[in-house]
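Shown next, in structure tokens, is the structure this report addresses.
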Amino acid sequence: MAYKKIEQGFSFADIAINKNADRNRSMQFLRKVNNTIDWKPVEHLLIKYYQIGKSKEGERAYSPLLLFKCILLQNWFQIKSDPELENLICDRLSFRDFLNLPMDYPSPDHSTFSRFRKNLSKEVMIKVNSEILKQFHQHGITVNKGVAVDARLVKSASKPISKKQIKTLKAHLDTPESRLDKNGNLKKFSRDFESDWTIKNDKPHYGFKEHTSVDTENGFILSTTLSPSSHNDSKYLPYAVIYSMHAGKIKIAYADKGYAGAPNREFLALNNIQDGIMRKDNVNAKLTDFEIKRNKAISKYRYIVEQYFGISHLHDKGNKARFPTMIKNTIDIMFRQFAFNLPVTFRLKKGAKILEILPV
């Protein structure tokens, strides 16, 4: 199956849109994005790794780049559902301008967005993120001086159940007959089988953990992933640091006391990365005055991760999962990562002054 060919023409409607573009803040923001990012390498990666149907019959598929940009719109403008996204693409001139979608061309159906997310892999999302961050680096924006690593709890999209119930459901799910409906098709599950329980501040939590690393100089999100909530934060520091190396080696990695320990210190030393992990008391020795001062100095760099967590919580409800599977939620937080990173470039100076323009 091939992709749809969208003919680009110049109509009277386009003249009217361009005439009023300077008064449309959303359009200014979205045009700034299109002028900042070279979408061709991104499109090449999406086409290479994104799987579409192989049937020679039926409608041609939408370009994966167009669908990718649609999901970015959903994140920037806090659009709650795919049907609402479909309606707004039909309705808003700024969205069509960003997507290069002619006025007389229909929006992708809301089910198309769902299938697009389902067919995306974590691998292609990591590669696309790396490509975009490398482009920032080529424009003179530093993305690899230092990283701050932290984790937060994310509530499950499903109702909490006991560990015993989770174990029983997982065992049933592993049987071939449980995965198929009466017609022999794969069932659609609304139950979250991958979340689990943990305790934080004496309160039980059912869901996931989001492990994130953020550039300490400009605030770009460099890597993000999910795990069941019972997993220890500490073992995800190597993952976060390795997947933050988009433009060369990381110079220093900052993290709180939860990441302290010989394995992480040895990992940083083996990779010639400065150790910015806070120290904690242990059974044999209390913190020295020097270590206490060092911890205070490190805390000044760690706030930037909490800043991202706070913004995504406020605007995107990032503290709660949207989907019942880990892979879908991982793709979702990666789209949030792209949506967060792109406007950051407009708050930075690259030779000439760039004004901050935010979507409304």
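Identifiers for the structure tokens are assigned positionally: chains receive A, B, ... in sequence, residues are indexed from 1 per chain, and ligands are indexed from 1 in the order shown.
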Contacts of range 65-70 of chain A at 10 Å or less, counting only C-alpha atoms, minus same-chain residues fewer than 2 places along, as a PyMOL selection string? chain A and resi 39-40+42-47+62-63+72-75+82+85-86+89+95-96+98-101+107-108+112-113+116-117+120+335+339
File of the preceding selection, N, CA and C atoms, as an mmCIF file, in the first residue's frame:
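The resulting file, part-v6.cif, is reproduced below:
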data_model
loop_
_atom_site.group_PDB
_atom_site.id
_atom_site.type_symbol
_atom_site.label_atom_id
_atom_site.label_comp_id
_atom_site.auth_asym_id
_atom_site.auth_seq_id
_atom_site.Cartn_x
_atom_site.Cartn_y
_atom_site.Cartn_z
ATOM 1 N N TRP A 39 12.210 18.499 8.394
ATOM 2 C CA TRP A 39 11.359 17.333 8.565
ATOM 3 C C TRP A 39 11.756 16.166 7.660
ATOM 4 N N LYS A 40 12.584 16.390 6.662
ATOM 5 C CA LYS A 40 12.919 15.317 5.726
ATOM 6 C C LYS A 40 13.609 14.130 6.398
ATOM 7 N N VAL A 42 13.366 13.246 9.489
ATOM 8 C CA VAL A 42 12.355 12.659 10.363
ATOM 9 C C VAL A 42 11.416 11.779 9.545
ATOM 10 N N GLU A 43 10.999 12.299 8.396
ATOM 11 C CA GLU A 43 10.112 11.526 7.529
ATOM 12 C C GLU A 43 10.797 10.255 7.039
ATOM 13 N N HIS A 44 12.088 10.353 6.725
ATOM 14 C CA HIS A 44 12.837 9.171 6.269
ATOM 15 C C HIS A 44 12.847 8.090 7.347
ATOM 16 N N LEU A 45 13.065 8.486 8.607
ATOM 17 C CA LEU A 45 13.085 7.519 9.711
ATOM 18 C C LEU A 45 11.709 6.886 9.911
ATOM 19 N N LEU A 46 10.670 7.716 9.847
ATOM 20 C CA LEU A 46 9.319 7.197 10.050
ATOM 21 C C LEU A 46 8.936 6.202 8.957
ATOM 22 N N ILE A 47 9.264 6.532 7.713
ATOM 23 C CA ILE A 47 8.941 5.628 6.603
ATOM 24 C C ILE A 47 9.732 4.330 6.706
ATOM 25 N N TYR A 62 -2.168 7.578 4.949
ATOM 26 C CA TYR A 62 -1.629 8.914 5.179
ATOM 27 C C TYR A 62 -0.132 8.812 5.467
ATOM 28 N N SER A 63 0.594 9.840 5.087
ATOM 29 C CA SER A 63 2.021 9.887 5.371
ATOM 30 C C SER A 63 2.251 9.814 6.883
ATOM 31 N N LEU A 72 1.577 15.740 17.557
ATOM 32 C CA LEU A 72 2.227 16.894 18.189
ATOM 33 C C LEU A 72 1.211 17.997 18.460
ATOM 34 N N LEU A 73 0.324 18.245 17.495
ATOM 35 C CA LEU A 73 -0.735 19.243 17.695
ATOM 36 C C LEU A 73 -1.593 18.873 18.905
ATOM 37 N N GLN A 74 -1.896 17.600 19.026
ATOM 38 C CA GLN A 74 -2.720 17.141 20.146
ATOM 39 C C GLN A 74 -2.059 17.458 21.475
ATOM 40 N N ASN A 75 -0.742 17.325 21.542
ATOM 41 C CA ASN A 75 -0.010 17.610 22.782
ATOM 42 C C ASN A 75 0.111 19.104 23.033
ATOM 43 N N ASP A 82 -8.949 11.733 20.294
ATOM 44 C CA ASP A 82 -8.692 11.659 18.855
ATOM 45 C C ASP A 82 -9.858 12.200 18.016
ATOM 46 N N LEU A 85 -9.432 15.837 17.991
ATOM 47 C CA LEU A 85 -8.307 16.211 17.126
ATOM 48 C C LEU A 85 -8.740 16.224 15.663
ATOM 49 N N GLU A 86 -9.479 15.208 15.251
ATOM 50 C CA GLU A 86 -9.985 15.157 13.883
ATOM 51 C C GLU A 86 -10.841 16.387 13.564
ATOM 52 N N ILE A 89 -8.668 19.638 13.276
ATOM 53 C CA ILE A 89 -7.889 19.710 12.040
ATOM 54 C C ILE A 89 -8.791 20.155 10.891
ATOM 55 N N PHE A 95 -3.864 24.700 11.948
ATOM 56 C CA PHE A 95 -3.515 23.285 11.930
ATOM 57 C C PHE A 95 -3.279 22.812 10.492
ATOM 58 N N ARG A 96 -4.160 23.205 9.590
ATOM 59 C CA ARG A 96 -4.016 22.794 8.186
ATOM 60 C C ARG A 96 -2.751 23.395 7.580
ATOM 61 N N PHE A 98 0.027 24.093 9.198
ATOM 62 C CA PHE A 98 1.150 23.352 9.767
ATOM 63 C C PHE A 98 1.325 21.995 9.087
ATOM 64 N N LEU A 99 0.197 21.350 8.762
ATOM 65 C CA LEU A 99 0.220 20.011 8.162
ATOM 66 C C LEU A 99 0.350 20.045 6.649
ATOM 67 N N ASN A 100 0.340 21.259 6.046
ATOM 68 C CA ASN A 100 0.325 21.402 4.584
ATOM 69 C C ASN A 100 -0.856 20.643 3.982
ATOM 70 N N LEU A 101 -1.999 20.762 4.644
ATOM 71 C CA LEU A 101 -3.213 20.069 4.229
ATOM 72 C C LEU A 101 -4.148 21.072 3.557
ATOM 73 N N SER A 107 -9.536 15.674 6.874
ATOM 74 C CA SER A 107 -8.636 15.305 7.963
ATOM 75 C C SER A 107 -8.562 13.791 8.073
ATOM 76 N N PRO A 108 -7.448 13.235 8.554
ATOM 77 C CA PRO A 108 -7.422 11.802 8.871
ATOM 78 C C PRO A 108 -8.515 11.469 9.886
ATOM 79 N N THR A 112 -7.528 6.535 12.600
ATOM 80 C CA THR A 112 -6.208 6.520 11.969
ATOM 81 C C THR A 112 -5.127 6.895 12.971
ATOM 82 N N PHE A 113 -5.430 7.850 13.847
ATOM 83 C CA PHE A 113 -4.455 8.265 14.868
ATOM 84 C C PHE A 113 -4.170 7.109 15.832
ATOM 85 N N PHE A 116 -2.010 4.571 14.122
ATOM 86 C CA PHE A 116 -0.660 5.114 13.972
ATOM 87 C C PHE A 116 0.156 4.893 15.243
ATOM 88 N N ARG A 117 -0.426 5.229 16.403
ATOM 89 C CA ARG A 117 0.287 5.006 17.670
ATOM 90 C C ARG A 117 0.600 3.522 17.870
ATOM 91 N N LEU A 120 3.619 2.396 15.814
ATOM 92 C CA LEU A 120 4.920 2.986 16.121
ATOM 93 C C LEU A 120 5.682 2.101 17.103
ATOM 94 N N PHE A 335 5.944 11.418 22.737
ATOM 95 C CA PHE A 335 5.329 12.532 22.014
ATOM 96 C C PHE A 335 5.301 13.786 22.896
ATOM 97 N N ALA A 339 6.927 17.413 22.013
ATOM 98 C CA ALA A 339 6.110 18.613 22.129
ATOM 99 C C ALA A 339 6.721 19.606 23.116
#
Selection near range 316-330 of chain A, 10 Å with only C-alpha atoms, sequence-local residues under 4 positions removed, as an MDAnalysis selection string: chainID A and resid 75:80 114 117:122 125 152:158 189:195 207:210 224:228 308:312 334:336
For Tyr254 in chain A, work out the shell of residues within 12 Å, counting only C-alpha atoms and skipping chain neighbours fewer than 2 positions away, then give it as a PyMOL selection string. chain A and resi 145-150+212-216+237-238+240-241+250-252+256-260+264-265+268+273-279+294-305
Write out as number ranges by chain the set of residues from range 258-322 of chain A that DSSP, computed on the backbone, places in helix (DSSP H, G or I). A: 258-259, 262-270, 289-316
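For the set A:Ser111, A:Phe338, A:Pro102, A:Lys286, the residue with the smallest atom-to-atom gap to Pro83 in chain A is A:Ser111, counting only C-alpha atoms.
The protein and nucleic acid residues lying at most 9 Å from Met245 in chain A are Ser130, Val143, Asn144, Leu222, Val241, Lys249 and Ile250 of chain A, with only C-alpha atoms considered and sequence neighbours fewer than 4 positions away removed.
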The distance between CA of Lys164 in chain A and CA of Asp202 in chain A is 21.0 Å
So that I can see what lies close to Phe340 in chain A, please list as an MDAnalysis selection string the residues with an atom at most 8 Å from it, counting only C-alpha atoms and leaving out residues fewer than 3 positions away in the same chain. chainID A and resid 220:221 336:337 343:344
If you keep N, CA and C atoms, can you produce a file of those selected residues as a PDB file, in the first residue's frame?
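Result file follows (selection.pdb):
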ATOM      1  N   PHE A 220      16.146  20.709  27.680  1.00  0.00           N
ATOM      2  CA  PHE A 220      15.592  19.711  26.762  1.00  0.00           C
ATOM      3  C   PHE A 220      15.440  18.365  27.469  1.00  0.00           C
ATOM      4  N   ILE A 221      14.350  17.673  27.169  1.00  0.00           N
ATOM      5  CA  ILE A 221      14.194  16.300  27.649  1.00  0.00           C
ATOM      6  C   ILE A 221      14.997  15.408  26.713  1.00  0.00           C
ATOM      7  N   ARG A 336       5.038  13.593  24.191  1.00  0.00           N
ATOM      8  CA  ARG A 336       5.092  14.729  25.107  1.00  0.00           C
ATOM      9  C   ARG A 336       6.498  15.315  25.152  1.00  0.00           C
ATOM     10  N   GLN A 337       7.487  14.441  25.050  1.00  0.00           N
ATOM     11  CA  GLN A 337       8.887  14.872  25.025  1.00  0.00           C
ATOM     12  C   GLN A 337       9.153  15.759  23.809  1.00  0.00           C
ATOM     13  N   PRO A 343       9.285  23.921  21.487  1.00  0.00           N
ATOM     14  CA  PRO A 343       9.150  25.331  21.854  1.00  0.00           C
ATOM     15  C   PRO A 343      10.328  25.877  22.656  1.00  0.00           C
ATOM     16  N   VAL A 344      11.112  24.992  23.288  1.00  0.00           N
ATOM     17  CA  VAL A 344      12.266  25.456  24.061  1.00  0.00           C
ATOM     18  C   VAL A 344      13.231  26.230  23.166  1.00  0.00           C
TER      19      VAL A 344
END
